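S.K.: So that you have it, the file is upload.txt, and it contains compact mmCIF, C-alpha atoms and all ligand atoms:
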```txt
# COMPACT_ATOMS: atom_id res chain seq x y z
CA MET I 849 0.00 0.00 0.00
CA ARG I 850 1.27 3.49 -0.89
CA THR I 851 0.06 6.36 1.27
CA ILE I 852 0.47 9.68 -0.51
CA SER I 853 -0.30 13.18 0.76
CA LEU I 854 -0.99 15.88 -1.81
CA VAL I 855 0.32 19.11 -0.39
CA ASN I 856 1.01 22.75 -1.04
CA GLN I 857 0.21 25.49 1.44
CA LYS I 858 -0.56 27.69 -1.53
CA GLY I 859 -4.29 27.68 -2.27
CA GLY I 860 -5.96 26.82 -5.55
CA VAL I 861 -3.01 25.03 -7.14
CA GLY I 862 -4.92 21.85 -8.01
CA LYS I 863 -4.41 19.57 -4.98
CA THR I 864 -8.05 18.49 -4.80
CA THR I 865 -8.47 18.12 -8.56
CA CYS I 866 -5.35 15.94 -8.62
CA THR I 867 -6.44 13.82 -5.64
CA ILE I 868 -9.86 13.05 -7.12
CA ASN I 869 -8.70 12.35 -10.64
CA ILE I 870 -5.50 10.47 -9.84
CA GLY I 871 -7.60 8.36 -7.47
CA SER I 872 -10.20 7.79 -10.10
CA ALA I 873 -7.63 6.93 -12.79
CA LEU I 874 -5.90 4.46 -10.48
CA ALA I 875 -9.26 2.88 -9.57
CA ARG I 876 -10.00 2.47 -13.28
CA MET I 877 -6.70 0.64 -13.60
CA GLY I 878 -8.03 -1.86 -11.05
CA LYS I 879 -6.24 -0.36 -8.02
CA ARG I 880 -8.03 -0.21 -4.70
CA VAL I 881 -8.09 3.44 -3.71
CA LEU I 882 -9.03 5.23 -0.49
CA LEU I 883 -9.40 9.02 -0.77
CA ILE I 884 -9.06 10.98 2.46
CA ASP I 885 -10.33 14.56 2.64
CA LEU I 886 -8.29 16.34 5.30
CA ASP I 887 -9.36 19.85 4.36
CA PRO I 888 -12.02 21.68 6.42
CA GLN I 889 -13.13 23.35 3.17
CA SER I 890 -14.26 19.80 2.23
CA SER I 891 -13.77 20.50 -1.47
CA MET I 892 -13.18 16.86 -2.35
CA THR I 893 -16.18 15.70 -0.30
CA ILE I 894 -18.40 18.30 -1.99
CA ALA I 895 -16.95 17.56 -5.43
CA LEU I 896 -17.80 13.88 -4.98
CA GLY I 897 -21.37 14.68 -3.98
CA ALA I 898 -20.92 13.71 -0.33
CA LYS I 899 -21.55 17.08 1.32
CA GLY I 900 -23.22 16.63 4.70
CA ALA I 901 -21.89 13.12 5.20
CA SER I 902 -21.61 12.08 8.81
CA PRO I 903 -19.51 10.86 10.53
CA THR I 904 -16.41 12.38 8.95
CA VAL I 905 -12.64 12.47 9.35
CA TYR I 906 -13.24 15.02 12.12
CA ASP I 907 -15.01 12.36 14.20
CA VAL I 908 -12.15 9.99 13.48
CA LEU I 909 -9.53 12.50 14.68
CA ARG I 910 -11.58 13.22 17.81
CA GLY I 911 -11.76 9.51 18.57
CA ASN I 912 -15.55 9.43 18.23
CA CYS I 913 -15.58 6.76 15.56
CA SER I 914 -13.27 4.52 13.59
CA VAL I 915 -12.10 5.12 10.02
CA SER I 916 -14.32 2.36 8.68
CA ASP I 917 -17.40 3.88 10.38
CA ALA I 918 -16.95 7.02 8.28
CA LEU I 919 -16.12 5.52 4.88
CA LEU I 920 -18.33 6.03 1.85
CA VAL I 921 -18.15 4.01 -1.32
CA HIS I 922 -18.07 6.29 -4.34
CA GLY I 923 -18.01 4.52 -7.68
CA LYS I 924 -14.80 2.53 -7.88
CA TYR I 925 -13.18 4.13 -4.86
CA VAL I 926 -13.80 4.81 -1.20
CA LEU I 927 -13.91 8.25 0.45
CA LEU I 928 -13.23 9.32 4.01
CA PRO I 929 -15.22 12.58 3.93
CA SER I 930 -14.59 15.89 5.66
CA SER I 931 -16.76 18.66 7.04
CA ILE I 932 -16.33 22.21 8.24
CA ASP I 933 -16.12 20.85 11.83
CA LEU I 934 -12.58 19.89 10.95
CA SER I 935 -11.54 23.53 11.29
CA ALA I 936 -12.00 23.11 15.06
CA ALA I 937 -9.74 20.07 15.16
CA GLU I 938 -6.59 22.22 15.07
CA GLN I 939 -7.42 23.83 18.39
CA GLU I 940 -9.00 20.78 19.95
CA LEU I 941 -5.99 18.61 19.20
CA ALA I 942 -3.46 21.26 20.27
CA PRO I 943 -3.19 20.05 23.90
CA VAL I 944 -3.16 16.36 22.94
CA ALA I 945 0.15 14.53 23.33
CA GLY I 946 1.19 13.04 20.01
CA ARG I 947 -1.22 15.34 18.18
CA GLU I 948 0.64 15.01 14.87
CA CYS I 949 0.16 11.23 14.88
CA VAL I 950 -3.61 10.97 15.39
CA LEU I 951 -4.50 10.25 11.77
CA ARG I 952 -1.74 7.68 11.35
CA GLU I 953 -2.82 5.86 14.49
CA ALA I 954 -6.47 5.87 13.43
CA LEU I 955 -5.57 4.48 10.00
CA GLU I 956 -3.27 1.84 11.42
CA ALA I 957 -5.83 0.80 14.00
CA ASP I 958 -8.58 0.47 11.49
CA LEU I 959 -7.49 -0.76 8.15
CA GLY I 960 -8.50 -4.18 9.29
CA PRO I 961 -11.68 -5.72 7.90
CA ILE I 962 -13.96 -2.96 6.72
CA SER I 963 -17.67 -3.29 6.44
CA CYS I 964 -19.13 0.09 5.79
CA ASP I 965 -22.84 -0.52 5.77
CA ASN I 966 -23.15 2.99 7.12
CA VAL I 967 -25.62 5.85 7.23
CA ASN I 968 -25.04 6.68 3.61
CA GLY I 969 -26.16 3.26 2.50
CA SER I 970 -22.95 2.40 0.71
CA THR I 971 -22.29 -1.15 -0.29
CA PRO I 972 -20.29 -3.14 2.23
CA LYS I 973 -16.61 -3.40 1.41
CA THR I 974 -15.03 -6.36 3.09
CA ASP I 975 -11.66 -6.40 1.38
CA SER I 976 -9.78 -3.90 3.46
CA SER I 977 -6.44 -3.82 1.73
CA TYR I 978 -5.92 -0.73 -0.38
CA ASP I 979 -3.26 -0.16 -2.98
CA PHE I 980 -3.34 3.62 -2.60
CA LEU I 981 -4.36 6.01 0.15
CA LEU I 982 -4.48 9.57 -1.21
CA ILE I 983 -4.77 12.40 1.31
CA ASP I 984 -6.01 15.81 0.11
CA CYS I 985 -4.50 18.50 2.36
CA PRO I 986 -5.65 22.02 3.23
CA PRO I 987 -3.74 25.05 1.91
CA SER I 988 -1.68 25.51 5.07
CA LEU I 989 1.20 23.96 6.98
CA SER I 990 -1.12 23.34 9.88
CA LEU I 991 -1.55 20.50 12.33
CA LEU I 992 -3.84 18.81 9.81
CA THR I 993 -1.13 18.86 7.15
CA LEU I 994 1.38 17.59 9.73
CA ASN I 995 -1.01 14.70 10.44
CA ALA I 996 -1.12 13.96 6.71
CA LEU I 997 2.69 14.01 6.49
CA VAL I 998 3.03 11.69 9.47
CA ALA I 999 0.44 9.27 8.06
CA ALA I 1000 2.03 9.14 4.59
CA ASP I 1001 5.15 7.58 3.12
CA GLU I 1002 5.11 9.87 0.12
CA VAL I 1003 4.35 13.45 -0.76
CA PHE I 1004 3.17 14.78 -4.09
CA ILE I 1005 3.49 18.54 -4.42
CA ALA I 1006 1.01 20.17 -6.80
CA LEU I 1007 2.55 23.23 -8.47
CA GLN I 1008 0.67 25.57 -10.73
CA THR I 1009 2.87 26.61 -13.65
CA GLU I 1010 2.27 30.27 -12.87
CA TYR I 1011 4.11 33.27 -11.52
CA LEU I 1012 5.33 32.63 -7.94
CA ALA I 1013 4.80 28.86 -8.31
CA LEU I 1014 7.89 28.15 -6.22
CA GLU I 1015 7.03 30.71 -3.58
CA GLY I 1016 6.74 28.88 -0.28
CA MET I 1017 8.56 25.75 -1.53
CA THR I 1018 11.51 26.33 0.81
CA GLN I 1019 9.19 26.42 3.80
CA LEU I 1020 7.24 23.40 2.58
CA LEU I 1021 10.39 21.32 2.02
CA ALA I 1022 11.77 22.40 5.41
CA THR I 1023 8.54 21.23 7.06
CA ILE I 1024 8.71 17.89 5.24
CA ASP I 1025 12.37 17.51 6.34
CA LEU I 1026 11.49 18.22 9.94
CA VAL I 1027 8.64 15.69 9.91
CA LYS I 1028 11.04 13.16 8.40
CA LYS I 1029 13.65 13.80 11.10
CA ARG I 1030 11.33 13.85 14.07
CA LEU I 1031 8.18 11.93 13.29
CA ASN I 1032 8.27 9.85 10.14
CA ALA I 1033 11.61 8.64 8.81
CA ASN I 1034 9.87 6.94 5.85
CA LEU I 1035 8.61 10.17 4.32
CA SER I 1036 9.87 11.38 0.94
CA VAL I 1037 8.79 13.70 -1.84
CA SER I 1038 8.18 11.30 -4.67
CA GLY I 1039 6.71 13.69 -7.19
CA ILE I 1040 5.93 17.21 -8.26
CA ILE I 1041 2.84 17.62 -10.41
CA ALA I 1042 2.72 20.57 -12.81
CA THR I 1043 -0.89 21.71 -12.94
CA GLN I 1044 -3.03 24.06 -15.01
CA TYR I 1045 -0.30 24.04 -17.65
CA ASP I 1046 -0.76 25.90 -20.93
CA ALA I 1047 1.99 25.24 -23.50
CA ARG I 1048 1.03 28.42 -25.41
CA LYS I 1049 2.02 30.59 -22.48
CA GLY I 1050 5.72 31.44 -22.42
CA LEU I 1051 5.60 31.99 -18.69
CA HIS I 1052 4.35 28.43 -18.09
CA ASN I 1053 7.32 27.00 -19.99
CA GLU I 1054 9.70 29.23 -18.04
CA VAL I 1055 8.19 28.00 -14.77
CA VAL I 1056 8.50 24.37 -15.91
CA SER I 1057 12.20 24.97 -16.73
CA THR I 1058 12.75 26.49 -13.30
CA ILE I 1059 11.02 23.55 -11.55
CA THR I 1060 13.01 21.04 -13.61
CA GLU I 1061 16.27 22.80 -12.75
CA ALA I 1062 15.44 23.01 -9.07
CA PHE I 1063 14.10 19.43 -8.75
CA PRO I 1064 15.58 17.45 -11.63
CA ASP I 1065 14.22 14.01 -10.70
CA LYS I 1066 10.96 14.98 -9.11
CA LEU I 1067 8.77 16.53 -11.78
CA PHE I 1068 6.33 14.03 -13.33
CA LYS I 1069 6.70 13.87 -17.11
CA THR I 1070 2.95 14.22 -17.49
CA PHE I 1071 1.76 17.79 -17.02
CA ILE I 1072 -1.89 18.42 -16.16
CA ARG I 1073 -2.99 20.88 -18.79
CA SER I 1074 -5.40 23.65 -18.11
CA ASN I 1075 -8.77 22.17 -19.07
CA ILE I 1076 -12.08 23.73 -18.17
CA ALA I 1077 -13.77 20.29 -18.14
CA LEU I 1078 -11.83 19.52 -14.94
CA ALA I 1079 -13.49 22.46 -13.20
CA GLU I 1080 -16.89 21.61 -14.71
CA ALA I 1081 -16.70 17.95 -13.66
CA THR I 1082 -16.21 19.05 -10.06
CA SER I 1083 -19.32 21.20 -10.15
CA TYR I 1084 -21.37 18.17 -11.28
CA GLY I 1085 -19.98 15.92 -8.54
CA LEU I 1086 -18.15 13.78 -11.10
CA ASP I 1087 -14.58 12.79 -11.79
CA ILE I 1088 -13.20 13.62 -15.22
CA PHE I 1089 -13.62 10.06 -16.55
CA GLU I 1090 -17.31 10.11 -15.78
CA TYR I 1091 -17.77 13.62 -17.16
CA ARG I 1092 -15.61 13.81 -20.32
CA PRO I 1093 -13.59 10.63 -20.79
CA LYS I 1094 -11.91 11.91 -23.96
CA CYS I 1095 -10.90 15.42 -22.91
CA ASN I 1096 -7.34 16.57 -22.23
CA GLY I 1097 -7.93 16.40 -18.49
CA ALA I 1098 -8.89 12.71 -18.70
CA ILE I 1099 -5.94 11.96 -21.01
CA ASP I 1100 -3.50 13.73 -18.66
CA PHE I 1101 -4.75 12.10 -15.48
CA ALA I 1102 -4.75 8.64 -17.09
CA ALA I 1103 -1.12 9.20 -18.17
CA LEU I 1104 -0.12 10.56 -14.77
CA ALA I 1105 -1.70 7.57 -13.00
CA LYS I 1106 0.34 5.22 -15.22
CA GLU I 1107 3.51 7.12 -14.27
CA ILE I 1108 2.57 6.91 -10.59
CA GLU I 1109 1.88 3.19 -10.83
CA GLY I 1110 5.25 2.74 -12.53
CA GLN I 1111 7.01 4.29 -9.52
CA GLY I 1112 5.71 1.61 -7.18
N1 LIG J 1201 -5.98 21.54 -14.83
C1 LIG J 1201 -6.95 22.40 -14.54
N2 LIG J 1201 -7.57 23.09 -15.54
C2 LIG J 1201 -8.56 23.98 -15.25
N3 LIG J 1201 -9.01 24.25 -14.02
C3 LIG J 1201 -8.42 23.60 -13.00
C4 LIG J 1201 -7.38 22.64 -13.20
N4 LIG J 1201 -7.01 22.16 -11.98
C5 LIG J 1201 -7.78 22.78 -11.08
N5 LIG J 1201 -8.63 23.64 -11.66
C6 LIG J 1201 -9.60 24.53 -11.03
O1 LIG J 1201 -8.86 25.45 -10.22
C7 LIG J 1201 -9.49 25.64 -8.97
C8 LIG J 1201 -8.56 25.21 -7.83
O2 LIG J 1201 -8.32 23.81 -7.96
P1 LIG J 1201 -8.31 22.85 -6.69
O3 LIG J 1201 -9.51 23.09 -5.85
O4 LIG J 1201 -8.04 21.49 -7.16
O5 LIG J 1201 -7.02 23.46 -5.94
P2 LIG J 1201 -6.57 23.20 -4.43
O6 LIG J 1201 -5.09 23.33 -4.41
O7 LIG J 1201 -7.15 21.95 -3.93
O8 LIG J 1201 -7.25 24.44 -3.71
P3 LIG J 1201 -7.28 24.68 -2.10
O9 LIG J 1201 -5.90 25.08 -1.75
O10 LIG J 1201 -8.29 25.75 -1.89
O11 LIG J 1201 -7.66 23.37 -1.48
C9 LIG J 1201 -10.78 24.85 -9.01
O12 LIG J 1201 -11.81 25.67 -9.44
C10 LIG J 1201 -10.50 23.78 -10.07
O13 LIG J 1201 -11.67 23.33 -10.70
MG MG J 1202 -8.24 21.61 -2.19
```
Before we go any further, please render this structure as structure tokens.

M.R.:
Amino acid sequence: MRTISLVNQKGGVGKTTCTINIGSALARMGKRVLLIDLDPQSSMTIALGAKGASPTVYDVLRGNCSVSDALLVHGKYVLLPSSIDLSAAEQELAPVAGRECVLREALEADLGPISCDNVNGSTPKTDSSYDFLLIDCPPSLSLLTLNALVAADEVFIALQTEYLALEGMTQLLATIDLVKKRLNANLSVSGIIATQYDARKGLHNEVVSTITEAFPDKLFKTFIRSNIALAEATSYGLDIFEYRPKCNGAIDFAALAKEIEGQG
């Protein structure tokens, strides 16, 4: 099983779009995928049509329920949903010893047999072994993101090929290094995903060159092109393969998922 956190404290760079569509592409390749929404904005939960789900990852972090109690089956993959309550978790967990490790412990405790015949009426899933856990992080280097970094073995950084794309990277990499030193020796950055790329824009190509120079082995060969269908799909509660299976967004995410699988 590969546990991957999608991070960038910069907002709107494509973390959620990547999490949903990489997850969906991997599921279509026959991989068993668990998507975890660790963002109080709940964008992934909303985008997958699960707004208002209860219990959520917040209840899991508070110790009110187990991971399997909160899972929802969505098409070919499984979602651990979020809700706005999660914004309180930062403060509520602050005095807790080992507060950065709560998610990891909950996942470890509970990826045993899963039967999620839960409030949302999803079909029971008894085979509990996943090939991929993908964690969608909030746009901050908060306690929630630290929990994601402690729970994961790998980090994917989503970078928009825009002005100031690398702004904040030093701080992000320093945080990842610190987590690796103190809390999770297994952690590594295994990929940088260029998002919202437009080959016609000179600036985008300049940014790609800068990223390639700075991180020669990290940038995935597949770039996620700017494609309005990706934004539209989200608004319909669909992944890109359900919405427009032949569009550039679907082609790019299918190619990226193949690259990711090839890393394993
Ligand atoms: N490749 C793309 N082409 C066109 N639009 C995109 C693409 N990727 C993402 N978007 C759109 O850009 C916006 C931000 O994307 P997304 O929500 O995935 O970013 P995020 O990093 O998760 O944001 P946040 O930091 O707020 O969680 C959304 O409206 C999304 O639909
Ligand atoms: Mg997001």

S.K.: Nearest residue to ligand MG 1202 (chain J) out of I:Thr864, I:Ser988, I:Thr904, I:Thr1009, using only C-alpha atoms and all ligand atoms?

M.R.: I:Thr864

S.K.: Here is a test: counting all atoms listed in the file, which residue of I:Asn995, I:Ser930, I:Gln1008, I:Asn1034 is nearest to ligand LIG 1201 (chain J)?

M.R.: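 Using all atoms listed in the file, the shortest distance to ligand LIG 1201 (chain J) belongs to I:Gln1008.
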
S.K.: Which residue, I:Ser1038, I:Ser853, I:Gln1044, I:Gln1111, has the smallest gap to ligand LIG 1201 (chain J) when you use all atoms listed in the file?

M.R.: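 Of all the options, I:Gln1044 lies closest to ligand LIG 1201 (chain J).
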
S.K.: With only C-alpha atoms as the atoms that count, which of I:Met1017, I:Ala873, I:Val1027, I:Leu997 lies nearest to Ala1062 of chain I?

M.R.: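 That would be I:Met1017, the residue with the smallest distance to Ala1062 of chain I.
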
S.K.: Can you measure atom CA of Asn912 of chain I to atom CA of Ala954 of chain I for me? One decimal in Å is fine.

M.R.: 10.9 Å

S.K.: Given the choices I:Val915, I:Leu1051, I:Leu989, I:Ala1000, which gets closest to ligand LIG 1201 (chain J) if the distance is worked out from only C-alpha atoms and all ligand atoms?

M.R.: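 For ligand LIG 1201 (chain J), the nearest of the candidates is I:Leu989.
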
S.K.: With a cut-off of 6 Å, could you pull out the residues of chain I touching ligand LIG 1201 (chain J) and give me the nearest pair of atoms for each, distance in Å to one decimal, using all atoms listed in the file, ordered by chain and ascending number, as a tab-separated table?

M.R.:
```
residue	atom	partner	partner_atom	distance
I:Lys858	CA	J:LIG1201	O9	5.9
I:Gly859	CA	J:LIG1201	O9	3.1
I:Gly860	CA	J:LIG1201	O8	3.3
I:Val861	CA	J:LIG1201	O6	3.8
I:Gly862	CA	J:LIG1201	O4	3.3
I:Lys863	CA	J:LIG1201	O7	3.8
I:Thr864	CA	J:LIG1201	O7	3.7
I:Thr865	CA	J:LIG1201	O4	3.7
I:Pro986	CA	J:LIG1201	O11	5.3
I:Pro987	CA	J:LIG1201	O9	4.2
I:Thr1043	CA	J:LIG1201	N1	5.4
I:Gln1044	CA	J:LIG1201	N1	3.9
I:Ile1072	CA	J:LIG1201	N1	5.3
I:Arg1073	CA	J:LIG1201	N1	5.0
I:Ser1074	CA	J:LIG1201	N2	3.4
I:Asn1075	CA	J:LIG1201	N2	3.8
I:Ile1076	CA	J:LIG1201	C2	4.6
I:Leu1078	CA	J:LIG1201	C2	5.5
I:Ala1079	CA	J:LIG1201	O13	3.2
```

S.K.: What are the nearest atom pairs, with distances in Å to one decimal, for all residues of segment 917-1003 of chain I that come at most 9 Å from segment 879-882 of chain I, using all atoms listed in the file, set out by chain and rising residue number as JSON lines?

M.R.:
```
{"residue": "I:Leu919", "atom": "CA", "partner": "I:Leu882", "partner_atom": "CA", "distance": 8.9}
{"residue": "I:Lys924", "atom": "CA", "partner": "I:Val881", "partner_atom": "CA", "distance": 8.0}
{"residue": "I:Tyr925", "atom": "CA", "partner": "I:Val881", "partner_atom": "CA", "distance": 5.3}
{"residue": "I:Val926", "atom": "CA", "partner": "I:Leu882", "partner_atom": "CA", "distance": 4.8}
{"residue": "I:Leu927", "atom": "CA", "partner": "I:Leu882", "partner_atom": "CA", "distance": 5.8}
{"residue": "I:Leu928", "atom": "CA", "partner": "I:Leu882", "partner_atom": "CA", "distance": 7.4}
{"residue": "I:Ser977", "atom": "CA", "partner": "I:Arg880", "partner_atom": "CA", "distance": 7.5}
{"residue": "I:Tyr978", "atom": "CA", "partner": "I:Arg880", "partner_atom": "CA", "distance": 4.8}
{"residue": "I:Asp979", "atom": "CA", "partner": "I:Arg880", "partner_atom": "CA", "distance": 5.1}
{"residue": "I:Phe980", "atom": "CA", "partner": "I:Val881", "partner_atom": "CA", "distance": 4.9}
{"residue": "I:Leu981", "atom": "CA", "partner": "I:Leu882", "partner_atom": "CA", "distance": 4.8}
{"residue": "I:Leu982", "atom": "CA", "partner": "I:Leu882", "partner_atom": "CA", "distance": 6.3}
{"residue": "I:Ile983", "atom": "CA", "partner": "I:Leu882", "partner_atom": "CA", "distance": 8.5}
```

S.K.: Expressed in Å to a single decimal, how great is the separation between atom CA of Ser891 of chain I and atom CA of Val998 of chain I?

M.R.: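 Result for atom CA of Ser891 of chain I versus atom CA of Val998 of chain I: 21.9 Å, one decimal.
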
S.K.: As a short mmCIF file (atom, residue, chain, number, x, y, z; two decimals), keeping the file's coordinate frame, could you write out segment 861-882 of chain I once it has been completed with N, CA, C and O atoms?

M.R.:
```cif
data_model
loop_
_atom_site.label_atom_id
_atom_site.label_comp_id
_atom_site.auth_asym_id
_atom_site.auth_seq_id
_atom_site.Cartn_x
_atom_site.Cartn_y
_atom_site.Cartn_z
N VAL I 861 -4.02 25.49 -6.18
CA VAL I 861 -3.01 25.03 -7.14
C VAL I 861 -3.39 23.71 -7.82
O VAL I 861 -2.69 23.24 -8.72
N GLY I 862 -4.47 23.09 -7.36
CA GLY I 862 -4.92 21.85 -8.01
C GLY I 862 -4.79 20.59 -7.16
O GLY I 862 -4.95 19.47 -7.67
N LYS I 863 -4.56 20.75 -5.85
CA LYS I 863 -4.41 19.57 -4.98
C LYS I 863 -5.65 18.66 -5.05
O LYS I 863 -5.55 17.46 -5.24
N THR I 864 -6.82 19.29 -4.86
CA THR I 864 -8.05 18.49 -4.80
C THR I 864 -8.37 17.87 -6.15
O THR I 864 -8.73 16.67 -6.23
N THR I 865 -8.21 18.64 -7.21
CA THR I 865 -8.47 18.12 -8.56
C THR I 865 -7.54 16.93 -8.84
O THR I 865 -7.98 15.92 -9.40
N CYS I 866 -6.29 17.06 -8.42
CA CYS I 866 -5.35 15.94 -8.62
C CYS I 866 -5.74 14.74 -7.77
O CYS I 866 -5.73 13.61 -8.26
N THR I 867 -6.11 14.96 -6.52
CA THR I 867 -6.44 13.82 -5.64
C THR I 867 -7.61 13.02 -6.22
O THR I 867 -7.54 11.79 -6.35
N ILE I 868 -8.66 13.73 -6.60
CA ILE I 868 -9.86 13.05 -7.12
C ILE I 868 -9.53 12.28 -8.40
O ILE I 868 -9.88 11.11 -8.55
N ASN I 869 -8.84 12.95 -9.31
CA ASN I 869 -8.70 12.35 -10.64
C ASN I 869 -7.56 11.35 -10.74
O ASN I 869 -7.64 10.39 -11.51
N ILE I 870 -6.52 11.52 -9.92
CA ILE I 870 -5.50 10.47 -9.84
C ILE I 870 -6.15 9.23 -9.21
O ILE I 870 -5.98 8.11 -9.68
N GLY I 871 -6.92 9.48 -8.15
CA GLY I 871 -7.60 8.36 -7.47
C GLY I 871 -8.51 7.62 -8.42
O GLY I 871 -8.52 6.38 -8.49
N SER I 872 -9.26 8.40 -9.19
CA SER I 872 -10.20 7.79 -10.10
C SER I 872 -9.47 7.02 -11.21
O SER I 872 -9.88 5.90 -11.58
N ALA I 873 -8.40 7.61 -11.73
CA ALA I 873 -7.63 6.93 -12.79
C ALA I 873 -7.03 5.64 -12.27
O ALA I 873 -7.06 4.60 -12.95
N LEU I 874 -6.50 5.68 -11.05
CA LEU I 874 -5.90 4.46 -10.48
C LEU I 874 -6.98 3.40 -10.26
O LEU I 874 -6.77 2.22 -10.52
N ALA I 875 -8.16 3.84 -9.80
CA ALA I 875 -9.26 2.88 -9.57
C ALA I 875 -9.67 2.23 -10.89
O ALA I 875 -9.97 1.03 -10.95
N ARG I 876 -9.65 3.03 -11.97
CA ARG I 876 -10.00 2.47 -13.28
C ARG I 876 -8.95 1.49 -13.79
O ARG I 876 -9.23 0.69 -14.68
N MET I 877 -7.75 1.61 -13.24
CA MET I 877 -6.70 0.64 -13.60
C MET I 877 -6.79 -0.61 -12.71
O MET I 877 -5.90 -1.46 -12.74
N GLY I 878 -7.82 -0.67 -11.89
CA GLY I 878 -8.03 -1.86 -11.05
C GLY I 878 -7.39 -1.74 -9.67
O GLY I 878 -7.38 -2.70 -8.90
N LYS I 879 -6.86 -0.55 -9.35
CA LYS I 879 -6.24 -0.36 -8.02
C LYS I 879 -7.33 -0.07 -7.00
O LYS I 879 -8.33 0.59 -7.31
N ARG I 880 -7.08 -0.52 -5.78
CA ARG I 880 -8.03 -0.21 -4.70
C ARG I 880 -7.59 1.09 -4.05
O ARG I 880 -6.46 1.18 -3.55
N VAL I 881 -8.47 2.07 -4.08
CA VAL I 881 -8.09 3.44 -3.71
C VAL I 881 -8.96 3.96 -2.57
O VAL I 881 -10.19 3.83 -2.62
N LEU I 882 -8.30 4.52 -1.55
CA LEU I 882 -9.03 5.23 -0.49
C LEU I 882 -8.63 6.71 -0.56
O LEU I 882 -7.45 7.04 -0.48
#
```
